[in-house]
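A.B. asks: Input input_5.cif, format and content: mmCIF, C-alpha atoms and all ligand atoms; chains and numbers go by the auth columns.
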```cif
data_query
loop_
_atom_site.group_PDB
_atom_site.id
_atom_site.type_symbol
_atom_site.label_atom_id
_atom_site.label_comp_id
_atom_site.label_asym_id
_atom_site.label_seq_id
_atom_site.Cartn_x
_atom_site.Cartn_y
_atom_site.Cartn_z
_atom_site.B_iso_or_equiv
_atom_site.auth_seq_id
_atom_site.auth_asym_id
ATOM 1 C CA MET A 1 7.969 -3.439 -24.398 0.00 1 K
ATOM 2 C CA GLN A 2 4.408 -2.976 -25.694 0.00 2 K
ATOM 3 C CA LYS A 3 1.258 -2.327 -23.703 0.00 3 K
ATOM 4 C CA GLY A 4 -1.169 -5.177 -24.420 0.00 4 K
ATOM 5 C CA THR A 5 -4.775 -5.787 -23.397 0.00 5 K
ATOM 6 C CA LEU A 6 -6.391 -4.495 -20.227 0.00 6 K
ATOM 7 C CA LEU A 7 -6.303 -7.369 -17.727 0.00 7 K
ATOM 8 C CA TYR A 8 -7.831 -5.645 -14.705 0.00 8 K
ATOM 9 C CA GLU A 9 -9.042 -2.244 -13.608 0.00 9 K
ATOM 10 C CA GLY A 10 -9.042 -1.488 -9.893 0.00 10 K
ATOM 11 C CA LYS A 11 -9.968 1.658 -7.975 0.00 11 K
ATOM 12 C CA ALA A 12 -6.555 3.274 -8.388 0.00 12 K
ATOM 13 C CA LYS A 13 -4.767 1.327 -11.113 0.00 13 K
ATOM 14 C CA LYS A 14 -5.156 -0.377 -14.484 0.00 14 K
ATOM 15 C CA ILE A 15 -3.144 -3.477 -15.343 0.00 15 K
ATOM 16 C CA TYR A 16 -2.247 -4.431 -18.909 0.00 16 K
ATOM 17 C CA SER A 17 -0.530 -7.459 -20.378 0.00 17 K
ATOM 18 C CA THR A 18 2.757 -7.140 -22.270 0.00 18 K
ATOM 19 C CA GLU A 19 4.343 -9.434 -24.855 0.00 19 K
ATOM 20 C CA GLU A 20 6.277 -10.983 -21.963 0.00 20 K
ATOM 21 C CA GLU A 21 4.101 -13.466 -20.107 0.00 21 K
ATOM 22 C CA LYS A 22 5.773 -12.752 -16.765 0.00 22 K
ATOM 23 C CA ILE A 23 5.602 -8.957 -16.966 0.00 23 K
ATOM 24 C CA VAL A 24 2.570 -6.665 -16.661 0.00 24 K
ATOM 25 C CA TRP A 25 2.160 -2.935 -17.235 0.00 25 K
ATOM 26 C CA ILE A 26 0.559 -0.825 -14.495 0.00 26 K
ATOM 27 C CA GLU A 27 -1.023 2.573 -14.981 0.00 27 K
ATOM 28 C CA TYR A 28 -1.749 4.712 -11.903 0.00 28 K
ATOM 29 C CA LYS A 29 -5.077 6.548 -12.172 0.00 29 K
ATOM 30 C CA ASP A 30 -6.111 9.862 -10.621 0.00 30 K
ATOM 31 C CA SER A 31 -9.140 8.357 -8.857 0.00 31 K
ATOM 32 C CA ALA A 32 -9.356 8.664 -5.089 0.00 32 K
ATOM 33 C CA THR A 33 -11.774 6.376 -3.262 0.00 33 K
ATOM 34 C CA ALA A 34 -12.509 5.734 0.387 0.00 34 K
ATOM 35 C CA PHE A 35 -14.954 3.783 2.539 0.00 35 K
ATOM 36 C CA ASN A 36 -15.162 0.832 0.137 0.00 36 K
ATOM 37 C CA GLY A 37 -15.801 3.137 -2.835 0.00 37 K
ATOM 38 C CA GLU A 38 -18.573 5.196 -1.187 0.00 38 K
ATOM 39 C CA LYS A 39 -16.515 8.389 -1.398 0.00 39 K
ATOM 40 C CA LYS A 40 -14.979 9.137 -4.784 0.00 40 K
ATOM 41 C CA ALA A 41 -13.111 11.947 -6.528 0.00 41 K
ATOM 42 C CA GLU A 42 -10.726 12.564 -9.394 0.00 42 K
ATOM 43 C CA ILE A 43 -7.619 14.370 -8.183 0.00 43 K
ATOM 44 C CA GLU A 44 -5.475 15.521 -11.080 0.00 44 K
ATOM 45 C CA GLY A 45 -1.911 14.274 -10.753 0.00 45 K
ATOM 46 C CA LYS A 46 -2.524 11.839 -7.880 0.00 46 K
ATOM 47 C CA GLY A 47 -1.580 8.881 -10.069 0.00 47 K
ATOM 48 C CA ILE A 48 1.689 10.564 -11.016 0.00 48 K
ATOM 49 C CA LEU A 49 2.560 11.215 -7.357 0.00 49 K
ATOM 50 C CA ASN A 50 1.728 7.664 -6.268 0.00 50 K
ATOM 51 C CA ASN A 51 3.655 6.129 -9.155 0.00 51 K
ATOM 52 C CA GLU A 52 6.722 8.191 -8.234 0.00 52 K
ATOM 53 C CA ILE A 53 6.426 7.539 -4.479 0.00 53 K
ATOM 54 C CA THR A 54 5.759 3.793 -4.859 0.00 54 K
ATOM 55 C CA SER A 55 8.685 3.429 -7.267 0.00 55 K
ATOM 56 C CA LEU A 56 11.054 5.169 -4.822 0.00 56 K
ATOM 57 C CA LEU A 57 9.849 3.061 -1.887 0.00 57 K
ATOM 58 C CA PHE A 58 10.062 -0.247 -3.762 0.00 58 K
ATOM 59 C CA LEU A 59 13.645 0.652 -4.743 0.00 59 K
ATOM 60 C CA LYS A 60 14.451 1.455 -1.093 0.00 60 K
ATOM 61 C CA LEU A 61 12.988 -1.878 0.010 0.00 61 K
ATOM 62 C CA ASP A 62 14.930 -3.724 -2.678 0.00 62 K
ATOM 63 C CA GLU A 63 18.168 -2.077 -1.483 0.00 63 K
ATOM 64 C CA ALA A 64 17.307 -3.342 2.010 0.00 64 K
ATOM 65 C CA GLY A 65 16.956 -6.901 0.701 0.00 65 K
ATOM 66 C CA ILE A 66 13.161 -6.960 0.328 0.00 66 K
ATOM 67 C CA PRO A 67 12.240 -7.744 -3.261 0.00 67 K
ATOM 68 C CA SER A 68 8.874 -6.815 -4.741 0.00 68 K
ATOM 69 C CA HIS A 69 7.043 -7.117 -8.040 0.00 69 K
ATOM 70 C CA PHE A 70 8.487 -3.721 -9.105 0.00 70 K
ATOM 71 C CA ILE A 71 10.755 -3.825 -12.165 0.00 71 K
ATOM 72 C CA LYS A 72 10.926 -0.204 -13.319 0.00 72 K
ATOM 73 C CA LYS A 73 9.082 3.056 -13.733 0.00 73 K
ATOM 74 C CA ILE A 74 8.545 3.689 -17.441 0.00 74 K
ATOM 75 C CA SER A 75 6.631 6.983 -17.479 0.00 75 K
ATOM 76 C CA ASP A 76 4.931 9.532 -15.222 0.00 76 K
ATOM 77 C CA ARG A 77 2.155 7.167 -14.342 0.00 77 K
ATOM 78 C CA GLU A 78 3.350 3.773 -15.541 0.00 78 K
ATOM 79 C CA GLN A 79 5.475 0.910 -14.211 0.00 79 K
ATOM 80 C CA LEU A 80 6.505 -2.535 -15.355 0.00 80 K
ATOM 81 C CA VAL A 81 6.076 -5.195 -12.693 0.00 81 K
ATOM 82 C CA GLN A 82 6.314 -8.951 -12.406 0.00 82 K
ATOM 83 C CA ARG A 83 3.047 -10.763 -12.961 0.00 83 K
ATOM 84 C CA VAL A 84 1.712 -12.390 -9.809 0.00 84 K
ATOM 85 C CA ASP A 85 -1.584 -13.829 -8.648 0.00 85 K
ATOM 86 C CA ILE A 86 -2.650 -11.527 -5.851 0.00 86 K
ATOM 87 C CA ILE A 87 -3.381 -13.314 -2.562 0.00 87 K
ATOM 88 C CA PRO A 88 -6.793 -11.909 -1.505 0.00 88 K
ATOM 89 C CA LEU A 89 -5.527 -10.530 1.803 0.00 89 K
ATOM 90 C CA GLU A 90 -4.794 -7.003 2.944 0.00 90 K
ATOM 91 C CA VAL A 91 -1.894 -7.306 5.352 0.00 91 K
ATOM 92 C CA VAL A 92 -2.050 -4.325 7.703 0.00 92 K
ATOM 93 C CA VAL A 93 0.803 -3.401 10.041 0.00 93 K
ATOM 94 C CA ARG A 94 0.168 -0.908 12.837 0.00 94 K
ATOM 95 C CA ASN A 95 2.749 0.901 14.956 0.00 95 K
ATOM 96 C CA PHE A 96 0.362 3.470 16.439 0.00 96 K
ATOM 97 C CA SER A 97 -3.402 3.387 16.973 0.00 97 K
ATOM 98 C CA ALA A 98 -5.466 5.013 14.238 0.00 98 K
ATOM 99 C CA GLY A 99 -8.343 4.448 11.858 0.00 99 K
ATOM 100 C CA SER A 100 -10.420 1.296 12.100 0.00 100 K
ATOM 101 C CA LEU A 101 -8.423 -0.174 14.994 0.00 101 K
ATOM 102 C CA ALA A 102 -8.803 2.930 17.176 0.00 102 K
ATOM 103 C CA LYS A 103 -12.544 2.709 16.467 0.00 103 K
ATOM 104 C CA ARG A 104 -12.752 -1.067 17.076 0.00 104 K
ATOM 105 C CA LEU A 105 -10.902 -0.876 20.412 0.00 105 K
ATOM 106 C CA GLY A 106 -12.428 2.433 21.509 0.00 106 K
ATOM 107 C CA ILE A 107 -9.047 4.087 21.973 0.00 107 K
ATOM 108 C CA GLU A 108 -7.718 7.431 20.839 0.00 108 K
ATOM 109 C CA GLU A 109 -5.413 7.756 17.831 0.00 109 K
ATOM 110 C CA GLY A 110 -1.645 8.064 18.167 0.00 110 K
ATOM 111 C CA ILE A 111 -0.962 5.569 20.970 0.00 111 K
ATOM 112 C CA GLN A 112 2.254 3.644 20.292 0.00 112 K
ATOM 113 C CA PHE A 113 1.901 -0.136 20.452 0.00 113 K
ATOM 114 C CA LYS A 114 4.393 -2.200 22.458 0.00 114 K
ATOM 115 C CA GLN A 115 5.183 -4.057 19.270 0.00 115 K
ATOM 116 C CA PRO A 116 3.843 -3.788 15.728 0.00 116 K
ATOM 117 C CA ILE A 117 0.427 -5.379 15.242 0.00 117 K
ATOM 118 C CA VAL A 118 -0.119 -7.406 12.064 0.00 118 K
ATOM 119 C CA GLU A 119 -3.701 -7.959 10.898 0.00 119 K
ATOM 120 C CA PHE A 120 -5.273 -9.666 7.907 0.00 120 K
ATOM 121 C CA TYR A 121 -8.343 -8.416 6.068 0.00 121 K
ATOM 122 C CA TYR A 122 -10.121 -10.553 3.474 0.00 122 K
ATOM 123 C CA LYS A 123 -10.102 -8.699 0.137 0.00 123 K
ATOM 124 C CA ASP A 124 -13.749 -8.974 -0.834 0.00 124 K
ATOM 125 C CA ASP A 125 -15.673 -5.800 -1.691 0.00 125 K
ATOM 126 C CA SER A 126 -19.062 -7.495 -1.309 0.00 126 K
ATOM 127 C CA LEU A 127 -18.175 -8.397 2.307 0.00 127 K
ATOM 128 C CA GLY A 128 -16.556 -5.005 2.979 0.00 128 K
ATOM 129 C CA ASP A 129 -13.029 -6.462 3.400 0.00 129 K
ATOM 130 C CA PRO A 130 -13.589 -7.978 6.881 0.00 130 K
ATOM 131 C CA LEU A 131 -10.859 -8.548 9.476 0.00 131 K
ATOM 132 C CA ILE A 132 -10.149 -12.286 9.548 0.00 132 K
ATOM 133 C CA ILE A 133 -8.096 -14.578 11.742 0.00 133 K
ATOM 134 C CA ASP A 134 -5.502 -17.190 10.750 0.00 134 K
ATOM 135 C CA ALA A 135 -7.961 -20.081 11.120 0.00 135 K
ATOM 136 C CA HIS A 136 -10.381 -18.421 8.678 0.00 136 K
ATOM 137 C CA ILE A 137 -7.564 -17.934 6.174 0.00 137 K
ATOM 138 C CA ARG A 138 -6.571 -21.604 6.404 0.00 138 K
ATOM 139 C CA GLU A 139 -10.202 -22.753 6.260 0.00 139 K
ATOM 140 C CA LEU A 140 -10.884 -20.677 3.107 0.00 140 K
ATOM 141 C CA GLU A 141 -7.575 -21.993 1.707 0.00 141 K
ATOM 142 C CA ILE A 142 -6.395 -18.451 1.032 0.00 142 K
ATOM 143 C CA ALA A 143 -2.975 -19.306 2.452 0.00 143 K
ATOM 144 C CA SER A 144 -1.345 -22.208 4.260 0.00 144 K
ATOM 145 C CA SER A 145 0.154 -22.009 7.766 0.00 145 K
ATOM 146 C CA ASP A 146 3.641 -21.747 6.270 0.00 146 K
ATOM 147 C CA GLU A 147 2.552 -18.994 3.909 0.00 147 K
ATOM 148 C CA LEU A 148 0.930 -17.108 6.778 0.00 148 K
ATOM 149 C CA ILE A 149 4.198 -17.227 8.689 0.00 149 K
ATOM 150 C CA LYS A 150 6.009 -15.910 5.596 0.00 150 K
ATOM 151 C CA LEU A 151 3.468 -13.111 5.084 0.00 151 K
ATOM 152 C CA LYS A 152 3.856 -11.975 8.706 0.00 152 K
ATOM 153 C CA GLU A 153 7.660 -12.144 8.499 0.00 153 K
ATOM 154 C CA HIS A 154 7.685 -10.115 5.269 0.00 154 K
ATOM 155 C CA ALA A 155 5.279 -7.547 6.730 0.00 155 K
ATOM 156 C CA VAL A 156 7.345 -7.062 9.889 0.00 156 K
ATOM 157 C CA LYS A 157 10.535 -6.680 7.832 0.00 157 K
ATOM 158 C CA VAL A 158 8.928 -4.119 5.516 0.00 158 K
ATOM 159 C CA ASN A 159 7.739 -2.250 8.609 0.00 159 K
ATOM 160 C CA ALA A 160 11.223 -2.118 10.139 0.00 160 K
ATOM 161 C CA VAL A 161 12.787 -0.782 6.937 0.00 161 K
ATOM 162 C CA LEU A 162 10.055 1.733 6.142 0.00 162 K
ATOM 163 C CA SER A 163 9.653 2.970 9.731 0.00 163 K
ATOM 164 C CA SER A 164 13.311 3.880 10.062 0.00 164 K
ATOM 165 C CA PHE A 165 13.452 5.272 6.538 0.00 165 K
ATOM 166 C CA PHE A 166 10.450 7.534 7.153 0.00 166 K
ATOM 167 C CA GLU A 167 11.797 8.570 10.540 0.00 167 K
ATOM 168 C CA GLU A 168 14.963 9.845 8.832 0.00 168 K
ATOM 169 C CA ILE A 169 12.804 12.236 6.803 0.00 169 K
ATOM 170 C CA GLY A 170 10.731 13.390 9.769 0.00 170 K
ATOM 171 C CA ILE A 171 7.709 11.166 9.248 0.00 171 K
ATOM 172 C CA ARG A 172 5.974 8.712 11.553 0.00 172 K
ATOM 173 C CA LEU A 173 4.812 5.512 9.865 0.00 173 K
ATOM 174 C CA VAL A 174 1.582 5.021 11.807 0.00 174 K
ATOM 175 C CA ASP A 175 0.238 2.057 9.853 0.00 175 K
ATOM 176 C CA PHE A 176 0.078 0.664 6.334 0.00 176 K
ATOM 177 C CA LYS A 177 -1.408 -2.020 4.129 0.00 177 K
ATOM 178 C CA LEU A 178 0.511 -4.464 1.959 0.00 178 K
ATOM 179 C CA GLU A 179 -0.591 -6.937 -0.663 0.00 179 K
ATOM 180 C CA PHE A 180 1.347 -9.985 -1.730 0.00 180 K
ATOM 181 C CA GLY A 181 1.147 -12.157 -4.805 0.00 181 K
ATOM 182 C CA LYS A 182 2.396 -15.517 -5.976 0.00 182 K
ATOM 183 C CA THR A 183 4.641 -15.907 -8.995 0.00 183 K
ATOM 184 C CA ALA A 184 4.109 -18.719 -11.522 0.00 184 K
ATOM 185 C CA GLU A 185 6.809 -20.597 -9.569 0.00 185 K
ATOM 186 C CA GLY A 186 4.774 -20.240 -6.359 0.00 186 K
ATOM 187 C CA ASN A 187 7.052 -17.699 -4.654 0.00 187 K
ATOM 188 C CA ILE A 188 5.445 -15.043 -2.469 0.00 188 K
ATOM 189 C CA LEU A 189 6.308 -11.530 -3.625 0.00 189 K
ATOM 190 C CA LEU A 190 5.401 -8.092 -2.261 0.00 190 K
ATOM 191 C CA ALA A 191 3.064 -6.464 -4.805 0.00 191 K
ATOM 192 C CA ASP A 192 0.536 -3.651 -5.320 0.00 192 K
ATOM 193 C CA GLU A 193 1.801 -0.262 -4.078 0.00 193 K
ATOM 194 C CA VAL A 194 3.299 1.479 -1.068 0.00 194 K
ATOM 195 C CA SER A 195 2.153 5.087 -1.105 0.00 195 K
ATOM 196 C CA PRO A 196 0.269 7.700 0.938 0.00 196 K
ATOM 197 C CA ASP A 197 -2.872 5.930 -0.332 0.00 197 K
ATOM 198 C CA THR A 198 -1.894 2.802 1.600 0.00 198 K
ATOM 199 C CA CYS A 199 0.117 4.201 4.551 0.00 199 K
ATOM 200 C CA ARG A 200 -0.729 6.597 7.382 0.00 200 K
ATOM 201 C CA LEU A 201 2.107 9.106 7.473 0.00 201 K
ATOM 202 C CA TRP A 202 2.223 11.820 10.133 0.00 202 K
ATOM 203 C CA ASP A 203 4.741 14.608 10.471 0.00 203 K
ATOM 204 C CA LEU A 204 6.955 13.660 13.428 0.00 204 K
ATOM 205 C CA GLU A 205 6.914 17.150 14.945 0.00 205 K
ATOM 206 C CA THR A 206 3.388 18.386 14.260 0.00 206 K
ATOM 207 C CA ASN A 207 1.421 15.130 13.708 0.00 207 K
ATOM 208 C CA GLU A 208 0.095 16.682 10.483 0.00 208 K
ATOM 209 C CA LYS A 209 -1.518 13.954 8.378 0.00 209 K
ATOM 210 C CA LEU A 210 0.220 13.519 5.017 0.00 210 K
ATOM 211 C CA ASP A 211 -1.775 10.601 3.605 0.00 211 K
ATOM 212 C CA LYS A 212 -5.174 9.568 2.306 0.00 212 K
ATOM 213 C CA ASP A 213 -6.856 10.548 5.585 0.00 213 K
ATOM 214 C CA VAL A 214 -6.619 14.097 4.173 0.00 214 K
ATOM 215 C CA PHE A 215 -9.152 12.957 1.554 0.00 215 K
ATOM 216 C CA ARG A 216 -11.130 10.574 3.797 0.00 216 K
ATOM 217 C CA ARG A 217 -11.617 13.243 6.478 0.00 217 K
ATOM 218 C CA ASP A 218 -11.634 16.401 4.295 0.00 218 K
ATOM 219 C CA LEU A 219 -8.542 17.819 5.981 0.00 219 K
ATOM 220 C CA GLY A 220 -7.214 19.910 3.079 0.00 220 K
ATOM 221 C CA SER A 221 -5.299 19.346 -0.143 0.00 221 K
ATOM 222 C CA LEU A 222 -4.355 15.738 -0.870 0.00 222 K
ATOM 223 C CA THR A 223 -1.986 16.962 -3.585 0.00 223 K
ATOM 224 C CA ASP A 224 -0.089 19.199 -1.126 0.00 224 K
ATOM 225 C CA ALA A 225 0.231 16.302 1.346 0.00 225 K
ATOM 226 C CA TYR A 226 1.486 13.797 -1.262 0.00 226 K
ATOM 227 C CA GLU A 227 3.866 16.384 -2.757 0.00 227 K
ATOM 228 C CA ASN A 228 5.253 16.977 0.726 0.00 228 K
ATOM 229 C CA ILE A 229 5.984 13.233 1.047 0.00 229 K
ATOM 230 C CA LEU A 230 7.512 13.011 -2.423 0.00 230 K
ATOM 231 C CA THR A 231 9.775 16.011 -1.814 0.00 231 K
ATOM 232 C CA ARG A 232 11.008 14.599 1.507 0.00 232 K
ATOM 233 C CA LEU A 233 11.725 11.284 -0.227 0.00 233 K
ATOM 234 C CA GLY A 234 13.982 13.211 -2.601 0.00 234 K
ATOM 235 C CA GLY A 235 11.631 12.759 -5.538 0.00 235 K
ATOM 236 C CA ARG A 236 10.954 15.205 -8.334 0.00 236 K
ATOM 237 C CA LEU A 237 7.728 17.177 -8.537 0.00 237 K
ATOM 238 C CA HIS A 238 6.056 17.390 -11.958 0.00 238 K
ATOM 239 C CA VAL A 239 4.993 21.022 -12.191 0.00 239 K
HETATM 240 O O1 LIG B . -8.761 1.730 7.840 0.00 301 K
HETATM 241 P P1 LIG B . -7.669 1.102 8.635 0.00 301 K
HETATM 242 O O2 LIG B . -7.336 1.844 9.880 0.00 301 K
HETATM 243 O O3 LIG B . -7.943 -0.356 8.916 0.00 301 K
HETATM 244 O O4 LIG B . -6.384 1.156 7.697 0.00 301 K
HETATM 245 C C1 LIG B . -5.123 0.697 8.126 0.00 301 K
HETATM 246 C C2 LIG B . -4.079 1.063 7.067 0.00 301 K
HETATM 247 O O5 LIG B . -4.302 0.315 5.881 0.00 301 K
HETATM 248 C C3 LIG B . -4.128 2.539 6.645 0.00 301 K
HETATM 249 O O6 LIG B . -2.806 2.977 6.399 0.00 301 K
HETATM 250 C C4 LIG B . -4.909 2.527 5.353 0.00 301 K
HETATM 251 O O7 LIG B . -4.532 3.570 4.491 0.00 301 K
HETATM 252 C C5 LIG B . -4.538 1.168 4.777 0.00 301 K
HETATM 253 N N1 LIG B . -5.614 0.581 3.984 0.00 301 K
HETATM 254 C C6 LIG B . -5.507 0.508 2.598 0.00 301 K
HETATM 255 N N2 LIG B . -6.511 -0.059 1.856 0.00 301 K
HETATM 256 C C7 LIG B . -7.609 -0.549 2.439 0.00 301 K
HETATM 257 C C8 LIG B . -7.750 -0.487 3.841 0.00 301 K
HETATM 258 C C9 LIG B . -6.720 0.092 4.593 0.00 301 K
HETATM 259 O O8 LIG B . -4.498 0.931 2.043 0.00 301 K
HETATM 260 N N3 LIG B . -8.555 -1.094 1.683 0.00 301 K
#
```
Starting from the file, lay out its structure as structure tokens.
Ligand code: C5P

C.D. replies:
Amino acid sequence: MQKGTLLYEGKAKKIYSTEEEKIVWIEYKDSATAFNGEKKAEIEGKGILNNEITSLLFLKLDEAGIPSHFIKKISDREQLVQRVDIIPLEVVVRNFSAGSLAKRLGIEEGIQFKQPIVEFYYKDDSLGDPLIIDAHIRELEIASSDELIKLKEHAVKVNAVLSSFFEEIGIRLVDFKLEFGKTAEGNILLADEVSPDTCRLWDLETNEKLDKDVFRRDLGSLTDAYENILTRLGGRLHV
């Protein structure tokens, strides 16, 4: 498989075409961004860690009957994935209060919810990715009612699998963000990445933060935190 032209460059990844129309080539970058791009840094090796962690988690999800765009990891920082049109929604699942929700509701972090909360944010940098409700999504024709039901079902399923998987390795899945895409056939498929960039992961015993909050809040070494996650997942460190 050959890497073709650059189709898209996001904050953390580049996407290239391949000679296969239905397959694209993803490269994980070392850029770290937060607060809608206001805080930026280059962290050597971050892309390698996220590629490895995302690949392991997509394989785990696949084994649990949740397919995704992931086809295979082809190098330290590259993957082949199925081409999809990304639905412009960030689907956030929350098991414990943290981050923007703790702020919005004026509650402390770490409170367990009675059941997982699923939220949708409209992916639009110029608007600052606002929280939106189902009626807005239907009105903007981002997704139909049936698709919204499917997105919620998928998100809840991913949460169940990942929560118990992380618990086995001593980690609390506090919250996370998913993105979904549509294949040429119109099927909804889990896409983007699942990594410490997109999940809040706290040590079960100590509540130590092992995710991008380390960067957002200047809590120490992001590399150490991500390596900790990768090691617990049984992945290999590139030293
Ligand atoms: O910031 P907030 O508390 O709403 O984030 C909820 C979850 O979604 C966190 O795990 C965060 O890392 C993730 N997220 C993300 N990309 C965004 C916004 C949030 O991965 N643009």

A.B. asks: Using all atoms of ligand LIG 301 (chain K) listed in the file and a margin of 3 Å per side, can you give the axis-aligned box centre and edge lengths in Å to one decimal, as AutoDock Vina command-line options?

C.D. replies:
```
--center_x -5.8 --center_y 1.2 --center_z 5.8 --size_x 12.0 --size_y 10.7 --size_z 14.2
```

A.B. asks: Can you pull out every residue within 8 Å of segment 188-191 of chain K, counting only C-alpha atoms, but drop anything in the same chain fewer than 2 positions away, and send it as an MDAnalysis selection string?

C.D. replies: chainID K and resid 67:70 84 86 178:183 186 193

A.B. asks: Using C-alpha atoms, can you write the selected residues to a file as an mmCIF file, in the frame of the given file?

C.D. replies:
```cif
data_model
loop_
_atom_site.group_PDB
_atom_site.id
_atom_site.type_symbol
_atom_site.label_atom_id
_atom_site.label_comp_id
_atom_site.auth_asym_id
_atom_site.auth_seq_id
_atom_site.Cartn_x
_atom_site.Cartn_y
_atom_site.Cartn_z
ATOM 1 C CA PRO K 67 12.240 -7.744 -3.261
ATOM 2 C CA SER K 68 8.874 -6.815 -4.741
ATOM 3 C CA HIS K 69 7.043 -7.117 -8.040
ATOM 4 C CA PHE K 70 8.487 -3.721 -9.105
ATOM 5 C CA VAL K 84 1.712 -12.390 -9.809
ATOM 6 C CA ILE K 86 -2.650 -11.527 -5.851
ATOM 7 C CA LEU K 178 0.511 -4.464 1.959
ATOM 8 C CA GLU K 179 -0.591 -6.937 -0.663
ATOM 9 C CA PHE K 180 1.347 -9.985 -1.730
ATOM 10 C CA GLY K 181 1.147 -12.157 -4.805
ATOM 11 C CA LYS K 182 2.396 -15.517 -5.976
ATOM 12 C CA THR K 183 4.641 -15.907 -8.995
ATOM 13 C CA GLY K 186 4.774 -20.240 -6.359
ATOM 14 C CA GLU K 193 1.801 -0.262 -4.078
#
```

A.B. asks: Find the distance between atom CA of Asp211 of chain K and atom CA of Thr223 of chain K and write it in Å to one decimal.

C.D. replies: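 Going from atom CA of Asp211 of chain K over to atom CA of Thr223 of chain K, I get 9.6 Å.
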
A.B. asks: Neighbours of ligand LIG 301 (chain K) within 6 Å, counting only C-alpha atoms and all ligand atoms, as a VMD selection string?

C.D. replies: chain K and resid 92 98 to 101 175 to 177 197 to 200

A.B. asks: Got a sec to resolve the PyMOL selection byres (((chain K and resi 131) around 9) and not hetatm) on this structure and send the residues as a ChimeraX atom specification?

C.D. replies: /K:119-122,129-130,132-133

A.B. asks: Compile the contact shell of Ser195 of chain K as a PyMOL selection string: residues with an atom at most 7 Å away, counting only C-alpha atoms, same-chain residues fewer than 4 positions apart removed.

C.D. replies: chain K and resi 50+53-54+199

A.B. asks: Counting all atoms listed in the file, which of K:Arg83, K:Lys114, K:Lys152, K:Lys40 gets nearest to Phe215 of chain K?

C.D. replies: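 So, comparing all the options, the nearest one is K:Lys40.
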
A.B. asks: Which one of K:Ile74, K:Leu57, K:Ile87, K:Leu7 sits closest to Leu140 of chain K if you count all atoms listed in the file?

C.D. replies: K:Ile87

A.B. asks: For a test of reading the model, state the distance in Å between atom CA of Leu148 of chain K and atom CA of Glu90 of chain K, rounded to one decimal.

C.D. replies: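 Interatomic distance here is 12.2 Å.
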
A.B. asks: To one decimal place, how far is atom CA of Leu56 of chain K from atom CA of Lys29 of chain K in Å?

C.D. replies: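 That distance, rounded to one decimal, is 17.8 Å.
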
A.B. asks: Set the distance at 6 Å and use only C-alpha atoms: which residues neighbour segment 12-25 of chain K once local chain neighbours fewer than 4 positions away are removed? I'd like the list as number ranges by chain.

C.D. replies: K: 2-8, 29, 31, 79-83

A.B. asks: Given the point (-0.4, -6.8, 16.3) in the file's coordinates, find the residues that have an atom at most 9 Å from it, counting only C-alpha atoms, and give them as a ChimeraX atom specification.

C.D. replies: /K:93-95,113,115-119

A.B. asks: Using all atoms listed in the file, find the one residue out of K:Ile107, K:Ala102, K:Ala32, K:Val156 that sits nearest to Ile66 of chain K.

C.D. replies: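 The shortest atom-to-atom distance to Ile66 of chain K comes from K:Val156.
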
A.B. asks: Expand the PyMOL selection byres (((chain K and resi 46) around 9) and not hetatm) into the individual residues it matches in the shown file, reporting them as a list of chain:residue names.

C.D. replies: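 After applying the PyMOL selection byres (((chain K and resi 46) around 9) and not hetatm), what remains is K:Tyr28, K:Lys29, K:Asp30, K:Ser31, K:Ala32, K:Glu42, K:Ile43, K:Glu44, K:Gly45, K:Gly47, K:Ile48, K:Leu49, K:Asn50, K:Asn51, K:Leu222, K:Thr223, K:Tyr226.
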